[in-house]
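Below is one structure, written out as structure tokens; the observations come after it.
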Amino acid sequence: MTDTPEKPGHGPVTLVAIAFGVILALLVAWTLWDRYGPEDPDPCGPGLHTTNGECIGVSDGGGKPFMEDLTEVMKRIKEENNRIDGQTHVTIALMIPMTSDHEQVRRQILHEVQGAYIAQYFANGATKAEKQSGGEHPKIRLVLANPGKNRDQWRPVADQLAGLAEDKKHNLRTVFGFDLSVRPTAEAIAYLTTEKKIPVVGGPITGDEFTGYPLFARIAPTNSDQADALVHFDENLDLEHAILVKDTRSSDPYNESLLQAYEGKLRRSPHEPMPFESDGTDAEGGLSSEFKRMATDICVLRPQVNTVYFAGRPTHLRQFLNELARNRPCKEEPFTVVSGSGASTLYADTKLDWDALRGLRGDGGRWEGKVTVLYTSVSHPDGWLSKQPRPPETGGSPAVVRELMQRLAAPAPVGPIGPADIYDSRTVSVHDSAKTAIAGIRLHAEGRKSGYVPTLREIGTDWNALRGVHKVDGASGWICIDNKGNAYNKAVAVVRIDPDVRGERPTFVGLAWPRKSPPPKGQEGSGACQIPRAQ
């Protein structure tokens with residue numbers, strides 16, 4: 001009998017080889033899945049990714065809200081975008097930081113997004129009059145572009161917007177907003193307009209340096225225009241004795257242009273400016289002792305000096321005001337502090353010491369002098385709605401302001417959109433920049449078939465057509481774009497923070513004009529708003 005050989009068993013070496021093969025196969029499969037398989041959805045939602053705890057990118061209103069304050073208004077934006085889906089449309093993008101560590105800035109962001117949404121909703125033919133006005137095509141799709149609270153993610157977000165401009169489904173045609181005159185804003189605008197050839201409309205950016213970009217326009221008067229308007233408005237301002245407090249921090253276009261404008265106006269003053277250096281736009285820093293010293297030094301200059309010009313950001317203006325009100329030795333003397341449009345949000349700053357500004361003593365008594373703040377603002381509704389002083393016949397429209405205020409308070413389907421406030425000028429300025437963007441887009445759709453979508457070049461190279469009969473009737477006043485992309489002779493609201501009117505709203509003083517007076521009435525059909533040839 002022949003023995004049958006046994007089948008060889010799995011020895012130790014064979015088992016190791018099998019295990020190694022299994023592990024290698026799993027690693028290859030995982031690598032292929034990671035590279036080519038579907039990506040896990042980001043918790044922020046489509047078009048967004050998480051960076052440093054923020055949702056960065058472009059949102060159509062869906063997905064996770066950038067911050068809780070925006071929940072309601074983003075829901076409305078998504079509903080409106082869904083409503084027009086399938087119709088010929090273009091996309092406009094609001095590019096601002098969509099969150100902040102500061103309560104006051106979060107409130108500003110909400111107001112800006114509300115202004116953009118109101119402009120979109122009613123541009124899409126929400127009322128019978130608007131449907132009959134013509135030019136309601138293409139429809140407007142609104143997206144929110146978040147470059148991060150420090151604006152340091154502007155480049156990838158700008159590239160994402162450029163992709164939407166190339167995509168015929170989205171037809172992005174304008175980026176608008178840009179609410180702060182800082183270096184990342186300038187870099188983003190330059191990149192979008194120069195490299196990506198995308199038209200841009202600036203909102204409340206007033207730095208003089210924001211001029212000369214191709215395909216760029218803005219609706220706010222420059223800091224120089226605001227300074228000119230203020231001087232024309234009140235020739236009793238004692239420029240020959242006033243003193244300037246200035247932030248010397250570099251790379252802040254708002255501070256720099258405001259400083260240049262004020263230095264030009266105060267050139268006859270014998271007093272050397274008082275400098276300080278802040279740590280950043282919203283940084284509190286350690287300036288209290290420095291401002292306290294300034295308050296003492298300013299008192300030494302009395303009785304000649306009772307006006308202080310402040311070239312700096314609102315956070316530091318608030319700090320300076322608190323120290324001047326609390327700690328100046330000459331509390332019996334009143335002071336007026338003059339600043340630019342950045343002060344528009346100061347009245348809502350919860351850290352502003354209203355009692356000190358009013359001159360109240362700790363024992364309940366009162367000093368003779370109080371500290372008031374006079375500033376120029378992009379807008380104030382009373383500029384067109386007040387009965388005294390009566391608004392001019394040109395330069396703006398009461399009807400447009402009333403309409404915006406009604407829309408902000410409107411119930412569904414417009415709202416709810418969160419708590420609104422028109423007095424900080426943020427809602428108005430972003431609303432008007434969106435309205436200007438839409439006007440520029442639809443100007444090239446007039447007379448065309450309803451399916452026509454204007455090109456990027458058509459829109460961006462023709463902003464200066466928005467004048468005369470094509471001026472934009474904004475809630476902040478007429479917007480007439482000159483050949484440099486600036487708003488010509490734009491109405492400037494002169495506003496006062498009166499410490500006896502605590503925190504309710506800033507007090508409107510009057511309208512001022514960079515060219516001394518409102519635009520003249522145009523001949524019939526001209527729409528006024530004509531721009532003379534530069535001298």
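By convention here, the chains of the structure tokens are called A, B, ... in the order presented, each chain's residues are numbered starting at 1, and ligands are numbered starting at 1 in the order presented.
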Please return as a PDB file with N, CA and C atoms, in the first residue's frame: the residues of range 346-460 of chain A that backbone DSSP assigns to alpha helix (DSSP H).
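Result saved to part.pdb:
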ATOM      1  N   TRP A 354     -21.513 106.842  28.557  1.00  0.00           N
ATOM      2  CA  TRP A 354     -22.437 107.943  28.295  1.00  0.00           C
ATOM      3  C   TRP A 354     -22.514 108.915  29.470  1.00  0.00           C
ATOM      4  N   ASP A 355     -22.496 108.404  30.686  1.00  0.00           N
ATOM      5  CA  ASP A 355     -22.567 109.292  31.853  1.00  0.00           C
ATOM      6  C   ASP A 355     -21.382 110.248  31.891  1.00  0.00           C
ATOM      7  N   ALA A 356     -20.195 109.736  31.590  1.00  0.00           N
ATOM      8  CA  ALA A 356     -19.013 110.601  31.582  1.00  0.00           C
ATOM      9  C   ALA A 356     -19.119 111.653  30.479  1.00  0.00           C
ATOM     10  N   LEU A 357     -19.612 111.249  29.308  1.00  0.00           N
ATOM     11  CA  LEU A 357     -19.772 112.210  28.215  1.00  0.00           C
ATOM     12  C   LEU A 357     -20.740 113.328  28.599  1.00  0.00           C
ATOM     13  N   ASP A 382     -32.715 110.663   8.380  1.00  0.00           N
ATOM     14  CA  ASP A 382     -33.290 111.995   8.550  1.00  0.00           C
ATOM     15  C   ASP A 382     -32.745 113.000   7.548  1.00  0.00           C
ATOM     16  N   GLY A 383     -31.672 112.620   6.861  1.00  0.00           N
ATOM     17  CA  GLY A 383     -31.167 113.506   5.812  1.00  0.00           C
ATOM     18  C   GLY A 383     -32.205 113.782   4.743  1.00  0.00           C
ATOM     19  N   TRP A 384     -33.093 112.820   4.530  1.00  0.00           N
ATOM     20  CA  TRP A 384     -34.118 112.980   3.496  1.00  0.00           C
ATOM     21  C   TRP A 384     -35.529 113.027   4.067  1.00  0.00           C
ATOM     22  N   LEU A 385     -35.677 112.673   5.344  1.00  0.00           N
ATOM     23  CA  LEU A 385     -37.017 112.615   5.924  1.00  0.00           C
ATOM     24  C   LEU A 385     -37.294 113.740   6.909  1.00  0.00           C
ATOM     25  N   PRO A 398     -36.579 111.166  -0.603  1.00  0.00           N
ATOM     26  CA  PRO A 398     -37.258 110.674   0.605  1.00  0.00           C
ATOM     27  C   PRO A 398     -37.996 109.361   0.363  1.00  0.00           C
ATOM     28  N   ALA A 399     -38.568 109.208  -0.831  1.00  0.00           N
ATOM     29  CA  ALA A 399     -39.363 108.008  -1.117  1.00  0.00           C
ATOM     30  C   ALA A 399     -38.515 106.745  -1.022  1.00  0.00           C
ATOM     31  N   VAL A 400     -37.272 106.825  -1.474  1.00  0.00           N
ATOM     32  CA  VAL A 400     -36.403 105.644  -1.451  1.00  0.00           C
ATOM     33  C   VAL A 400     -36.070 105.252  -0.014  1.00  0.00           C
ATOM     34  N   VAL A 401     -35.846 106.241   0.851  1.00  0.00           N
ATOM     35  CA  VAL A 401     -35.532 105.955   2.254  1.00  0.00           C
ATOM     36  C   VAL A 401     -36.740 105.326   2.946  1.00  0.00           C
ATOM     37  N   ARG A 402     -37.923 105.917   2.745  1.00  0.00           N
ATOM     38  CA  ARG A 402     -39.136 105.356   3.352  1.00  0.00           C
ATOM     39  C   ARG A 402     -39.351 103.913   2.894  1.00  0.00           C
ATOM     40  N   GLU A 403     -39.131 103.687   1.614  1.00  0.00           N
ATOM     41  CA  GLU A 403     -39.331 102.359   1.052  1.00  0.00           C
ATOM     42  C   GLU A 403     -38.408 101.339   1.706  1.00  0.00           C
ATOM     43  N   LEU A 404     -37.139 101.706   1.878  1.00  0.00           N
ATOM     44  CA  LEU A 404     -36.198 100.782   2.509  1.00  0.00           C
ATOM     45  C   LEU A 404     -36.597 100.502   3.950  1.00  0.00           C
ATOM     46  N   MET A 405     -36.993 101.525   4.686  1.00  0.00           N
ATOM     47  CA  MET A 405     -37.382 101.327   6.081  1.00  0.00           C
ATOM     48  C   MET A 405     -38.603 100.424   6.180  1.00  0.00           C
ATOM     49  N   GLN A 406     -39.555 100.585   5.274  1.00  0.00           N
ATOM     50  CA  GLN A 406     -40.741  99.729   5.263  1.00  0.00           C
ATOM     51  C   GLN A 406     -40.363  98.284   4.937  1.00  0.00           C
ATOM     52  N   ARG A 407     -39.446  98.126   4.012  1.00  0.00           N
ATOM     53  CA  ARG A 407     -39.051  96.778   3.606  1.00  0.00           C
ATOM     54  C   ARG A 407     -38.308  96.051   4.720  1.00  0.00           C
ATOM     55  N   LEU A 408     -37.498  96.776   5.466  1.00  0.00           N
ATOM     56  CA  LEU A 408     -36.770  96.159   6.568  1.00  0.00           C
ATOM     57  C   LEU A 408     -37.713  95.639   7.646  1.00  0.00           C
ATOM     58  N   ARG A 426     -24.763 100.998   7.869  1.00  0.00           N
ATOM     59  CA  ARG A 426     -24.258  99.758   7.274  1.00  0.00           C
ATOM     60  C   ARG A 426     -25.300  99.100   6.372  1.00  0.00           C
ATOM     61  N   THR A 427     -26.538  99.049   6.838  1.00  0.00           N
ATOM     62  CA  THR A 427     -27.606  98.477   6.010  1.00  0.00           C
ATOM     63  C   THR A 427     -27.730  99.253   4.712  1.00  0.00           C
ATOM     64  N   VAL A 428     -27.741 100.580   4.835  1.00  0.00           N
ATOM     65  CA  VAL A 428     -27.951 101.436   3.671  1.00  0.00           C
ATOM     66  C   VAL A 428     -26.797 101.316   2.681  1.00  0.00           C
ATOM     67  N   SER A 429     -25.564 101.367   3.176  1.00  0.00           N
ATOM     68  CA  SER A 429     -24.420 101.382   2.261  1.00  0.00           C
ATOM     69  C   SER A 429     -24.298 100.073   1.484  1.00  0.00           C
ATOM     70  N   VAL A 430     -24.552  98.931   2.132  1.00  0.00           N
ATOM     71  CA  VAL A 430     -24.473  97.663   1.412  1.00  0.00           C
ATOM     72  C   VAL A 430     -25.685  97.495   0.496  1.00  0.00           C
ATOM     73  N   HIS A 431     -26.851  97.925   0.955  1.00  0.00           N
ATOM     74  CA  HIS A 431     -28.035  97.922   0.089  1.00  0.00           C
ATOM     75  C   HIS A 431     -27.768  98.724  -1.182  1.00  0.00           C
ATOM     76  N   ASP A 432     -27.186  99.905  -1.018  1.00  0.00           N
ATOM     77  CA  ASP A 432     -26.949 100.768  -2.178  1.00  0.00           C
ATOM     78  C   ASP A 432     -25.850 100.236  -3.082  1.00  0.00           C
ATOM     79  N   SER A 433     -24.848  99.543  -2.498  1.00  0.00           N
ATOM     80  CA  SER A 433     -23.812  98.958  -3.357  1.00  0.00           C
ATOM     81  C   SER A 433     -24.392  97.787  -4.154  1.00  0.00           C
ATOM     82  N   ALA A 434     -25.292  97.010  -3.545  1.00  0.00           N
ATOM     83  CA  ALA A 434     -25.967  95.936  -4.283  1.00  0.00           C
ATOM     84  C   ALA A 434     -26.868  96.525  -5.368  1.00  0.00           C
ATOM     85  N   LYS A 435     -27.588  97.588  -5.022  1.00  0.00           N
ATOM     86  CA  LYS A 435     -28.474  98.231  -5.989  1.00  0.00           C
ATOM     87  C   LYS A 435     -27.688  98.789  -7.171  1.00  0.00           C
ATOM     88  N   THR A 436     -26.502  99.324  -6.893  1.00  0.00           N
ATOM     89  CA  THR A 436     -25.646  99.844  -7.958  1.00  0.00           C
ATOM     90  C   THR A 436     -25.137  98.713  -8.841  1.00  0.00           C
ATOM     91  N   ALA A 437     -24.726  97.605  -8.222  1.00  0.00           N
ATOM     92  CA  ALA A 437     -24.280  96.442  -8.991  1.00  0.00           C
ATOM     93  C   ALA A 437     -25.391  95.944  -9.911  1.00  0.00           C
ATOM     94  N   ILE A 438     -26.601  95.860  -9.385  1.00  0.00           N
ATOM     95  CA  ILE A 438     -27.741  95.380 -10.176  1.00  0.00           C
ATOM     96  C   ILE A 438     -28.056  96.357 -11.309  1.00  0.00           C
ATOM     97  N   ALA A 439     -27.986  97.661 -11.012  1.00  0.00           N
ATOM     98  CA  ALA A 439     -28.245  98.664 -12.050  1.00  0.00           C
ATOM     99  C   ALA A 439     -27.228  98.549 -13.181  1.00  0.00           C
ATOM    100  N   GLY A 440     -25.946  98.332 -12.831  1.00  0.00           N
ATOM    101  CA  GLY A 440     -24.923  98.189 -13.854  1.00  0.00           C
ATOM    102  C   GLY A 440     -25.115  96.952 -14.705  1.00  0.00           C
ATOM    103  N   ILE A 441     -25.574  95.874 -14.085  1.00  0.00           N
ATOM    104  CA  ILE A 441     -25.840  94.641 -14.832  1.00  0.00           C
ATOM    105  C   ILE A 441     -27.024  94.824 -15.765  1.00  0.00           C
ATOM    106  N   ARG A 442     -28.102  95.379 -15.241  1.00  0.00           N
ATOM    107  CA  ARG A 442     -29.334  95.469 -16.034  1.00  0.00           C
ATOM    108  C   ARG A 442     -29.290  96.571 -17.077  1.00  0.00           C
ATOM    109  N   LEU A 443     -28.376  97.519 -16.917  1.00  0.00           N
ATOM    110  CA  LEU A 443     -28.208  98.549 -17.938  1.00  0.00           C
ATOM    111  C   LEU A 443     -27.876  97.912 -19.286  1.00  0.00           C
ATOM    112  N   LEU A 456     -18.884  90.120 -18.268  1.00  0.00           N
ATOM    113  CA  LEU A 456     -18.139  90.798 -17.211  1.00  0.00           C
ATOM    114  C   LEU A 456     -17.561  92.113 -17.714  1.00  0.00           C
ATOM    115  N   ARG A 457     -17.027  92.094 -18.911  1.00  0.00           N
ATOM    116  CA  ARG A 457     -16.398  93.301 -19.459  1.00  0.00           C
ATOM    117  C   ARG A 457     -17.425  94.405 -19.704  1.00  0.00           C
ATOM    118  N   GLU A 458     -18.579  94.041 -20.246  1.00  0.00           N
ATOM    119  CA  GLU A 458     -19.618  95.049 -20.478  1.00  0.00           C
ATOM    120  C   GLU A 458     -19.960  95.795 -19.198  1.00  0.00           C
ATOM    121  N   ILE A 459     -20.087  95.050 -18.136  1.00  0.00           N
ATOM    122  CA  ILE A 459     -20.500  95.656 -16.865  1.00  0.00           C
ATOM    123  C   ILE A 459     -19.376  96.499 -16.281  1.00  0.00           C
ATOM    124  N   GLY A 460     -18.202  95.904 -16.159  1.00  0.00           N
ATOM    125  CA  GLY A 460     -17.117  96.537 -15.417  1.00  0.00           C
ATOM    126  C   GLY A 460     -16.526  97.759 -16.062  1.00  0.00           C
TER     127      GLY A 460
END
Note to self: I want to know what sits within 8 Å of Gly62 in chain A, based on only C-alpha atoms, with residues of the same chain fewer than 3 positions away left out; could you give that as a PyMOL selection string?
What the structure shows: chain A and resi 45-46+59+65+74-75+78
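Interatomic distance, CA of Leu237 in chain A against CA of Pro389 in chain A: 19.4 Å.
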If you count only C-alpha atoms, which residues fall within 7 Å of range 345-352 of chain A, apart from same-chain ones fewer than 4 positions away, as a list in words?
Gln104, Pro314, Arg318, Asn322, Asp424, Ile497, Gly503, Arg505 and Pro506 of chain A
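Atom pair CA of Thr88 in chain A / CA of Lys168 in chain A has a distance of 10.3 Å (rounded to one decimal).
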Please extract the residues of range 67-241 of chain A with a backbone DSSP assignment of strand (DSSP E or B) and present them as a tab-separated table (two decimals) with all heavy atoms, in the first residue's frame.
chain	number	residue	atom	x	y	z
A	89	HIS	N	-30.70	84.15	-14.84
A	89	HIS	CA	-30.25	84.94	-13.71
A	89	HIS	C	-28.75	85.16	-13.75
A	89	HIS	O	-28.01	84.47	-14.47
A	89	HIS	CB	-30.64	84.25	-12.38
A	89	HIS	CG	-29.94	82.94	-12.15
A	89	HIS	ND1	-30.51	81.74	-12.49
A	89	HIS	CD2	-28.72	82.65	-11.63
A	89	HIS	CE1	-29.69	80.75	-12.18
A	89	HIS	NE2	-28.58	81.29	-11.66
A	90	VAL	N	-28.31	86.13	-12.98
A	90	VAL	CA	-26.88	86.33	-12.72
A	90	VAL	C	-26.69	86.26	-11.21
A	90	VAL	O	-27.64	86.39	-10.43
A	90	VAL	CB	-26.38	87.68	-13.24
A	90	VAL	CG1	-26.52	87.78	-14.75
A	90	VAL	CG2	-27.09	88.84	-12.56
A	91	THR	N	-25.45	86.06	-10.81
A	91	THR	CA	-25.12	85.98	-9.38
A	91	THR	C	-24.31	87.21	-8.98
A	91	THR	O	-23.42	87.64	-9.71
A	91	THR	CB	-24.30	84.71	-9.09
A	91	THR	OG1	-25.09	83.56	-9.41
A	91	THR	CG2	-23.90	84.65	-7.62
A	92	ILE	N	-24.66	87.78	-7.84
A	92	ILE	CA	-23.85	88.82	-7.23
A	92	ILE	C	-23.40	88.31	-5.87
A	92	ILE	O	-24.13	87.57	-5.21
A	92	ILE	CB	-24.60	90.16	-7.10
A	92	ILE	CG1	-25.83	90.03	-6.21
A	92	ILE	CG2	-24.99	90.69	-8.49
A	92	ILE	CD1	-26.55	91.35	-5.94
A	93	ALA	N	-22.19	88.67	-5.45
A	93	ALA	CA	-21.62	88.12	-4.21
A	93	ALA	C	-21.29	89.24	-3.25
A	93	ALA	O	-20.57	90.18	-3.60
A	93	ALA	CB	-20.37	87.31	-4.53
A	94	LEU	N	-21.81	89.12	-2.03
A	94	LEU	CA	-21.44	90.03	-0.95
A	94	LEU	C	-20.20	89.46	-0.27
A	94	LEU	O	-20.25	88.40	0.35
A	94	LEU	CB	-22.57	90.17	0.06
A	94	LEU	CG	-22.25	90.95	1.35
A	94	LEU	CD1	-21.85	92.39	1.04
A	94	LEU	CD2	-23.42	90.90	2.31
A	95	MET	N	-19.07	90.18	-0.36
A	95	MET	CA	-17.83	89.69	0.22
A	95	MET	C	-17.45	90.55	1.42
A	95	MET	O	-16.96	91.67	1.27
A	95	MET	CB	-16.70	89.69	-0.82
A	95	MET	CG	-15.43	88.99	-0.34
A	95	MET	SD	-14.26	88.75	-1.70
A	95	MET	CE	-12.91	87.91	-0.87
A	139	LYS	N	-32.74	87.88	-13.53
A	139	LYS	CA	-33.00	87.80	-12.10
A	139	LYS	C	-31.69	87.79	-11.33
A	139	LYS	O	-30.62	87.50	-11.89
A	139	LYS	CB	-33.81	86.54	-11.77
A	139	LYS	CG	-35.17	86.49	-12.43
A	139	LYS	CD	-36.07	87.61	-11.95
A	139	LYS	CE	-37.46	87.48	-12.55
A	139	LYS	NZ	-38.33	88.60	-12.15
A	140	ILE	N	-31.79	88.08	-10.05
A	140	ILE	CA	-30.58	88.24	-9.24
A	140	ILE	C	-30.48	87.13	-8.20
A	140	ILE	O	-31.37	86.95	-7.37
A	140	ILE	CB	-30.58	89.61	-8.53
A	140	ILE	CG1	-30.72	90.75	-9.54
A	140	ILE	CG2	-29.30	89.77	-7.70
A	140	ILE	CD1	-29.62	90.81	-10.59
A	141	ARG	N	-29.39	86.41	-8.28
A	141	ARG	CA	-29.06	85.38	-7.27
A	141	ARG	C	-27.98	85.98	-6.37
A	141	ARG	O	-27.01	86.55	-6.85
A	141	ARG	CB	-28.55	84.12	-7.97
A	141	ARG	CG	-28.16	82.98	-7.04
A	141	ARG	CD	-27.81	81.74	-7.89
A	141	ARG	NE	-27.36	80.63	-7.05
A	141	ARG	CZ	-26.09	80.36	-6.76
A	141	ARG	NH1	-25.14	81.15	-7.26
A	141	ARG	NH2	-25.76	79.34	-6.01
A	142	LEU	N	-28.16	85.83	-5.06
A	142	LEU	CA	-27.24	86.41	-4.09
A	142	LEU	C	-26.48	85.31	-3.36
A	142	LEU	O	-27.09	84.35	-2.88
A	142	LEU	CB	-28.01	87.27	-3.08
A	142	LEU	CG	-27.23	87.82	-1.88
A	142	LEU	CD1	-26.13	88.77	-2.33
A	142	LEU	CD2	-28.19	88.51	-0.89
A	143	VAL	N	-25.17	85.45	-3.28
A	143	VAL	CA	-24.37	84.54	-2.47
A	143	VAL	C	-23.54	85.37	-1.48
A	143	VAL	O	-23.27	86.55	-1.70
A	143	VAL	CB	-23.43	83.65	-3.32
A	143	VAL	CG1	-24.25	82.72	-4.20
A	143	VAL	CG2	-22.46	84.47	-4.15
A	144	LEU	N	-23.17	84.72	-0.39
A	144	LEU	CA	-22.38	85.35	0.67
A	144	LEU	C	-20.98	84.75	0.67
A	144	LEU	O	-20.83	83.53	0.81
A	144	LEU	CB	-23.04	85.14	2.03
A	144	LEU	CG	-24.51	85.57	2.14
A	144	LEU	CD1	-25.05	85.26	3.53
A	144	LEU	CD2	-24.68	87.05	1.82
A	145	ALA	N	-19.97	85.60	0.52
A	145	ALA	CA	-18.58	85.14	0.43
A	145	ALA	C	-17.83	85.55	1.69
A	145	ALA	O	-17.63	86.75	1.93
A	145	ALA	CB	-17.91	85.73	-0.81
A	146	ASN	N	-17.42	84.57	2.47
A	146	ASN	CA	-16.75	84.84	3.74
A	146	ASN	C	-15.24	84.62	3.62
A	146	ASN	O	-14.78	83.48	3.50
A	146	ASN	CB	-17.30	83.93	4.84
A	146	ASN	CG	-16.65	84.20	6.19
A	146	ASN	OD1	-16.17	85.30	6.44
A	146	ASN	ND2	-16.63	83.19	7.06
A	172	LEU	N	-21.77	84.50	-12.23
A	172	LEU	CA	-21.41	85.57	-11.31
A	172	LEU	C	-20.92	86.77	-12.11
A	172	LEU	O	-20.08	86.64	-13.01
A	172	LEU	CB	-20.33	85.11	-10.34
A	172	LEU	CG	-19.95	86.19	-9.31
A	172	LEU	CD1	-19.95	85.61	-7.90
A	172	LEU	CD2	-18.61	86.82	-9.61
A	173	ARG	N	-21.46	87.94	-11.80
A	173	ARG	CA	-21.14	89.14	-12.59
A	173	ARG	C	-20.58	90.28	-11.75
A	173	ARG	O	-19.96	91.18	-12.30
A	173	ARG	CB	-22.38	89.61	-13.37
A	173	ARG	CG	-22.73	88.71	-14.55
A	173	ARG	CD	-21.59	88.71	-15.55
A	173	ARG	NE	-21.80	87.83	-16.68
A	173	ARG	CZ	-21.31	86.59	-16.77
A	173	ARG	NH1	-20.61	86.07	-15.76
A	173	ARG	NH2	-21.50	85.86	-17.84
A	174	THR	N	-20.80	90.31	-10.46
A	174	THR	CA	-20.28	91.39	-9.63
A	174	THR	C	-20.05	90.90	-8.21
A	174	THR	O	-20.83	90.12	-7.68
A	174	THR	CB	-21.26	92.58	-9.59
A	174	THR	OG1	-21.61	92.98	-10.90
A	174	THR	CG2	-20.65	93.78	-8.88
A	175	VAL	N	-18.95	91.38	-7.63
A	175	VAL	CA	-18.70	91.21	-6.20
A	175	VAL	C	-18.87	92.59	-5.56
A	175	VAL	O	-18.35	93.57	-6.08
A	175	VAL	CB	-17.30	90.64	-5.93
A	175	VAL	CG1	-17.10	90.40	-4.44
A	175	VAL	CG2	-17.09	89.34	-6.71
A	176	PHE	N	-19.58	92.66	-4.45
A	176	PHE	CA	-19.86	93.97	-3.86
A	176	PHE	C	-19.70	93.90	-2.35
A	176	PHE	O	-19.48	92.84	-1.77
A	176	PHE	CB	-21.27	94.44	-4.24
A	176	PHE	CG	-22.38	93.66	-3.58
A	176	PHE	CD1	-23.04	94.15	-2.47
A	176	PHE	CD2	-22.76	92.42	-4.08
A	176	PHE	CE1	-24.06	93.42	-1.85
A	176	PHE	CE2	-23.77	91.68	-3.49
A	176	PHE	CZ	-24.42	92.19	-2.37
A	177	GLY	N	-19.81	95.05	-1.70
A	177	GLY	CA	-19.72	95.13	-0.26
A	177	GLY	C	-18.38	95.70	0.18
A	177	GLY	O	-18.15	96.89	0.08
A	200	VAL	N	-16.36	95.00	-9.50
A	200	VAL	CA	-16.52	95.15	-8.06
A	200	VAL	C	-17.19	96.48	-7.76
A	200	VAL	O	-16.88	97.49	-8.37
A	200	VAL	CB	-15.15	95.07	-7.34
A	200	VAL	CG1	-15.28	95.50	-5.88
A	200	VAL	CG2	-14.57	93.67	-7.42
A	201	VAL	N	-18.13	96.46	-6.80
A	201	VAL	CA	-18.74	97.68	-6.28
A	201	VAL	C	-18.49	97.74	-4.78
A	201	VAL	O	-18.93	96.86	-4.04
A	201	VAL	CB	-20.25	97.74	-6.55
A	201	VAL	CG1	-20.85	99.03	-5.96
A	201	VAL	CG2	-20.54	97.69	-8.05
A	202	GLY	N	-17.78	98.77	-4.34
A	202	GLY	CA	-17.49	98.92	-2.92
A	202	GLY	C	-18.66	99.54	-2.18
A	202	GLY	O	-19.37	100.40	-2.71
A	216	PHE	N	-13.87	98.86	-11.27
A	216	PHE	CA	-14.25	99.12	-9.88
A	216	PHE	C	-15.05	100.41	-9.75
A	216	PHE	O	-14.76	101.41	-10.41
A	216	PHE	CB	-12.98	99.22	-9.02
A	216	PHE	CG	-13.25	99.63	-7.59
A	216	PHE	CD1	-13.84	98.75	-6.69
A	216	PHE	CD2	-12.90	100.90	-7.13
A	216	PHE	CE1	-14.08	99.12	-5.37
A	216	PHE	CE2	-13.14	101.28	-5.82
A	216	PHE	CZ	-13.73	100.38	-4.94
A	217	ALA	N	-16.07	100.37	-8.89
A	217	ALA	CA	-16.83	101.57	-8.53
A	217	ALA	C	-17.17	101.47	-7.05
A	217	ALA	O	-17.14	100.39	-6.47
A	217	ALA	CB	-18.10	101.67	-9.37
A	218	ARG	N	-17.49	102.61	-6.44
A	218	ARG	CA	-17.93	102.59	-5.05
A	218	ARG	C	-18.98	103.66	-4.83
A	218	ARG	O	-19.03	104.66	-5.55
A	218	ARG	CB	-16.76	102.79	-4.10
A	218	ARG	CG	-16.02	104.10	-4.26
A	218	ARG	CD	-15.05	104.27	-3.11
A	218	ARG	NE	-13.94	105.14	-3.43
A	218	ARG	CZ	-12.93	105.37	-2.61
A	218	ARG	NH1	-12.91	104.82	-1.43
A	218	ARG	NH2	-11.94	106.16	-2.96
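The shortest atom-to-atom distance to Glu72 in chain A, with only C-alpha atoms taken into account, belongs to A:Gln114 out of A:Thr99, A:Gln114, A:Thr336, A:Ser251.
Between CA of Ala487 in chain A and CA of Asn464 in chain A the interatomic distance comes to 9.5 Å.
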